[in-house]
Each structure stands twice: as structure tokens, then as C-alpha cells.
Amino acid sequence: MRVVVLGGGGRLGKLLAPVFPRPATWLTRQDIDIRNSDALRKALTGTQAVFCMAGVTPGGDGPMEANIDLARRTLDAAQYVGAGHVFLFSSAAVYGRVSGALSEDGPTAPQAPYGVAKLAMEQMAADHEHPNTVLRLGNVAGADAILGGWKPGFALDVLPDGTTPRRSYIGPACLGRVLSQLCMASDLPPLMNVAAPGTVEMGELLDAAHRHWQPKVAGEGTIGQVALDTRVLERFITFDTSDSTAQGIVADWRKTTGEQ
């Protein structure tokens, strides 16, 4: 199976490439300009699965609307050359402040331009003729603002009940396994949440990693919980209990990155 990953030079791609459990071609922006239709078509010729991780993130070097354009160009090129299934990366940011278990067929309410652009990208993909699945990705350990963004003096919001915000998480090696298995799956849905089942407290992750943090009172804008409903994903993937624990996620992150 020929697998191509676009955007392989980004933070997520750099985490996943060393632990991805099948051969794949990881293309960075130095390797290919996705806006060059001829180059993109050539890169996708003969592929059975395409992962488009390319895009603009908050603080990045471009307008958020580029996320829509890059995804559309990938789908157009895949359709032109008859490539296989395309996986596009969206984000839990499309849910915004929606409460409860966040399901693919439930409400969305993005709060920032990034989430708005990702939701627009999803809508474009839903209308495209080429087979594709949008992956609403939760927090990935090491590519996140907690483990990946920790520095001495790190301060973390503490909610009125004394807990820290809970998020859906997944370790990088676990994510690599999930994506590799999805390459082989059939009858994939057009939209899928991707995270390990359940949620973990951010403070628990830092404690498990032995990273000191300082508590600060959570502001009014702090979202206490982002809990992705992973029942659709679990129709295709079997998770171990450790995949969902703070200790297991940190162990995955350390094994992947060599962090101590």
C-alpha cells in the first residue's frame, strides 16, 4: 500500500513519522508546493491513502482560510489521478464551548478563526466527490500546549472545584497506530472524532510527566472539558486501557520523543 502524508514537516508530522507503523512518504513544504497542481498530482499518483496534515495553525504564517484551500487542492488532485481515500485533519476546536460528549452528528460552535476555518473545510469536503474522511483530532501529547508547551514556571488553570481542565488526548504512537489501521479500513464514515476514549486532566498529565506547574484561577473563558465521543472510531480501532490514562499517554510521549 502506498501512503502519502502531506504536511509531514509540521509539529504533528515530525512526531508521527518516526512511529508510524507502515512505510509512508512524508512530504514537507520543502518537498512539494501543494498549490502546484502538477506537482501535487504527480505526488498522489498511485497512492491508496493520502493524509493531508498541511495547514495553518494559530500563530502560524498564513490566513486560516488556507486550510480550506489546501484541503480542496488535495481532494481535486486525488480525484484527477484516481488516488485512494483521503484523510483530512480537522480539530476539536470546531466544537467550541459545546458541553457534554461531543459527537460527529452533534452541534458545533467554533469560537476562534481556526475552528471556523476547519469547520468550513469540513463542509467543503462533505460536498466533494472524491472519497474522504475528516478527522476531528483531539489533543496529541507532544503537539499540545501542555506537554509540548511546558516551560519552567508553567501556570495552569484551576477550576472552582479544584480540578484542572479535562481534554480528550491521544499519544503520538497510539495515533500512528490508529491512522495506519484506518488506511486498511473499509466503509469509513465522512467524519470521525480521533482521540483515545475518555478524558484526562491537564494537571494529571503534567504530574505524570514530573513537570512542575503553578495553579492559577481559571478565567471566565476557560473551557472546563472537551470530551470527544469516540464510539464511531471504536468501530474500527481497539484501544488498550493505558491509551486513555495520564500515565499511559505520558509513557507514549516519552517513548516517541525521548523526553525524560
# chains A, B, ... in the order shown; residues from 1 in each chain; ligands from 1
>>> residues_around(residues="region 166-177 of chain A", least_positions_apart="6", cutoff="10 Å", atoms="only C-alpha atoms", output="ChimeraX atom specification")
/A:12-13,15-22,92,137-144,193-205,223-230,237,239-240,243-246,248-257
>>> select_by_dssp(residues="region 45-210 of chain A", states="helix (DSSP H, G or I)", output="count of residues only")
55
>>> residues_around(residues="region 37-43 of chain A", least_positions_apart="5", cutoff="7 Å", atoms="only C-alpha atoms", output="PyMOL selection string")
chain A and resi 32+77-78+81
>>> closest_residue(among="A:Leu27, A:Tyr114, A:Glu104, A:Lys14", to="Val50 (chain A)", atoms="only C-alpha atoms")
A:Leu27
>>> select_by_dssp(residues="region 129-246 of chain A", states="strand (DSSP E or B)", output="JSON, numbers by chain")
{"A": [132, 133, 134, 135, 136, 137, 139, 140, 155, 156, 157, 158, 166, 167, 169, 170, 191, 192, 193, 194, 200, 201, 214, 215, 216, 217, 225, 226, 227, 228]}
>>> write_last_selection(atoms="N, CA and C atoms", output="JSON list (two decimals), in the first residue's frame")
[["chain", "number", "residue", "atom", "x", "y", "z"],
["A", 132, "ASN", "N", -13.41, 10.69, 1.00],
["A", 132, "ASN", "CA", -12.57, 11.29, 2.03],
["A", 132, "ASN", "C", -13.21, 11.12, 3.40],
["A", 133, "THR", "N", -12.38, 11.21, 4.41],
["A", 133, "THR", "CA", -12.83, 11.21, 5.80],
["A", 133, "THR", "C", -12.14, 12.35, 6.52],
["A", 134, "VAL", "N", -12.92, 13.18, 7.19],
["A", 134, "VAL", "CA", -12.38, 14.27, 8.01],
["A", 134, "VAL", "C", -12.17, 13.74, 9.43],
["A", 135, "LEU", "N", -10.98, 13.96, 9.95],
["A", 135, "LEU", "CA", -10.63, 13.50, 11.29],
["A", 135, "LEU", "C", -10.60, 14.70, 12.24],
["A", 136, "ARG", "N", -11.56, 14.74, 13.16],
["A", 136, "ARG", "CA", -11.56, 15.79, 14.18],
["A", 136, "ARG", "C", -10.63, 15.33, 15.31],
["A", 137, "LEU", "N", -9.44, 15.87, 15.30],
["A", 137, "LEU", "CA", -8.39, 15.39, 16.18],
["A", 137, "LEU", "C", -8.42, 16.08, 17.54],
["A", 139, "ASN", "N", -6.40, 16.47, 21.43],
["A", 139, "ASN", "CA", -5.03, 16.86, 21.77],
["A", 139, "ASN", "C", -4.08, 15.69, 21.59],
["A", 140, "VAL", "N", -2.95, 15.95, 20.96],
["A", 140, "VAL", "CA", -1.91, 14.93, 20.77],
["A", 140, "VAL", "C", -0.74, 15.26, 21.70],
["A", 155, "ALA", "N", 2.10, 27.87, 34.23],
["A", 155, "ALA", "CA", 0.90, 28.06, 35.04],
["A", 155, "ALA", "C", -0.29, 27.41, 34.36],
["A", 156, "LEU", "N", -1.14, 26.75, 35.16],
["A", 156, "LEU", "CA", -2.27, 26.00, 34.61],
["A", 156, "LEU", "C", -3.55, 26.42, 35.32],
["A", 157, "ASP", "N", -4.60, 26.58, 34.54],
["A", 157, "ASP", "CA", -5.89, 26.97, 35.10],
["A", 157, "ASP", "C", -6.40, 25.92, 36.09],
["A", 158, "VAL", "N", -6.93, 26.39, 37.20],
["A", 158, "VAL", "CA", -7.61, 25.52, 38.16],
["A", 158, "VAL", "C", -9.06, 26.00, 38.27],
["A", 166, "ARG", "N", -10.21, 19.24, 31.63],
["A", 166, "ARG", "CA", -10.13, 17.90, 31.07],
["A", 166, "ARG", "C", -10.22, 17.97, 29.55],
["A", 167, "ARG", "N", -9.43, 17.15, 28.90],
["A", 167, "ARG", "CA", -9.42, 17.13, 27.45],
["A", 167, "ARG", "C", -9.33, 15.69, 26.93],
["A", 169, "TYR", "N", -7.41, 13.20, 24.75],
["A", 169, "TYR", "CA", -5.99, 13.14, 24.38],
["A", 169, "TYR", "C", -5.69, 11.84, 23.66],
["A", 170, "ILE", "N", -4.54, 11.83, 23.00],
["A", 170, "ILE", "CA", -4.01, 10.60, 22.43],
["A", 170, "ILE", "C", -2.49, 10.73, 22.35],
["A", 191, "LEU", "N", -16.87, 11.57, 8.56],
["A", 191, "LEU", "CA", -16.42, 12.40, 9.68],
["A", 191, "LEU", "C", -16.19, 11.52, 10.89],
["A", 192, "MET", "N", -15.08, 11.76, 11.59],
["A", 192, "MET", "CA", -14.75, 10.89, 12.71],
["A", 192, "MET", "C", -13.92, 11.65, 13.76],
["A", 193, "ASN", "N", -14.34, 11.59, 15.02],
["A", 193, "ASN", "CA", -13.51, 12.08, 16.11],
["A", 193, "ASN", "C", -12.34, 11.13, 16.30],
["A", 194, "VAL", "N", -11.16, 11.69, 16.60],
["A", 194, "VAL", "CA", -9.98, 10.85, 16.83],
["A", 194, "VAL", "C", -9.31, 11.26, 18.13],
["A", 200, "VAL", "N", -8.63, 13.24, 30.13],
["A", 200, "VAL", "CA", -7.67, 13.32, 31.24],
["A", 200, "VAL", "C", -7.54, 14.77, 31.66],
["A", 201, "GLU", "N", -7.23, 14.97, 32.94],
["A", 201, "GLU", "CA", -6.95, 16.32, 33.43],
["A", 201, "GLU", "C", -5.57, 16.75, 32.96],
["A", 214, "GLN", "N", 2.32, 25.72, 38.22],
["A", 214, "GLN", "CA", 1.74, 26.62, 39.21],
["A", 214, "GLN", "C", 0.25, 26.80, 38.93],
["A", 215, "PRO", "N", -0.57, 26.72, 39.96],
["A", 215, "PRO", "CA", -2.02, 26.91, 39.74],
["A", 215, "PRO", "C", -2.36, 28.38, 39.57],
["A", 216, "LYS", "N", -3.34, 28.64, 38.72],
["A", 216, "LYS", "CA", -3.89, 29.98, 38.59],
["A", 216, "LYS", "C", -5.41, 29.84, 38.47],
["A", 217, "VAL", "N", -6.11, 30.85, 38.91],
["A", 217, "VAL", "CA", -7.57, 30.81, 38.87],
["A", 217, "VAL", "C", -8.04, 30.86, 37.42],
["A", 225, "GLN", "N", -14.11, 21.29, 30.02],
["A", 225, "GLN", "CA", -13.98, 19.95, 29.47],
["A", 225, "GLN", "C", -14.24, 19.95, 27.96],
["A", 226, "VAL", "N", -13.40, 19.23, 27.24],
["A", 226, "VAL", "CA", -13.63, 18.93, 25.83],
["A", 226, "VAL", "C", -13.54, 17.42, 25.70],
["A", 227, "ALA", "N", -14.70, 16.78, 25.58],
["A", 227, "ALA", "CA", -14.79, 15.31, 25.62],
["A", 227, "ALA", "C", -15.31, 14.80, 24.28],
["A", 228, "LEU", "N", -14.42, 14.30, 23.45],
["A", 228, "LEU", "CA", -14.83, 13.76, 22.16],
["A", 228, "LEU", "C", -15.47, 12.39, 22.33]]
>>> residues_around(residues="Ala49 (chain A)", least_positions_apart="3", cutoff="9 Å", atoms="only C-alpha atoms", output="list in words")
Met1, Arg2, Val3, Val4, Val5, Leu44, Ala83, Gly84, His85, Val86, Phe87, Cys183 and Met184 of chain A
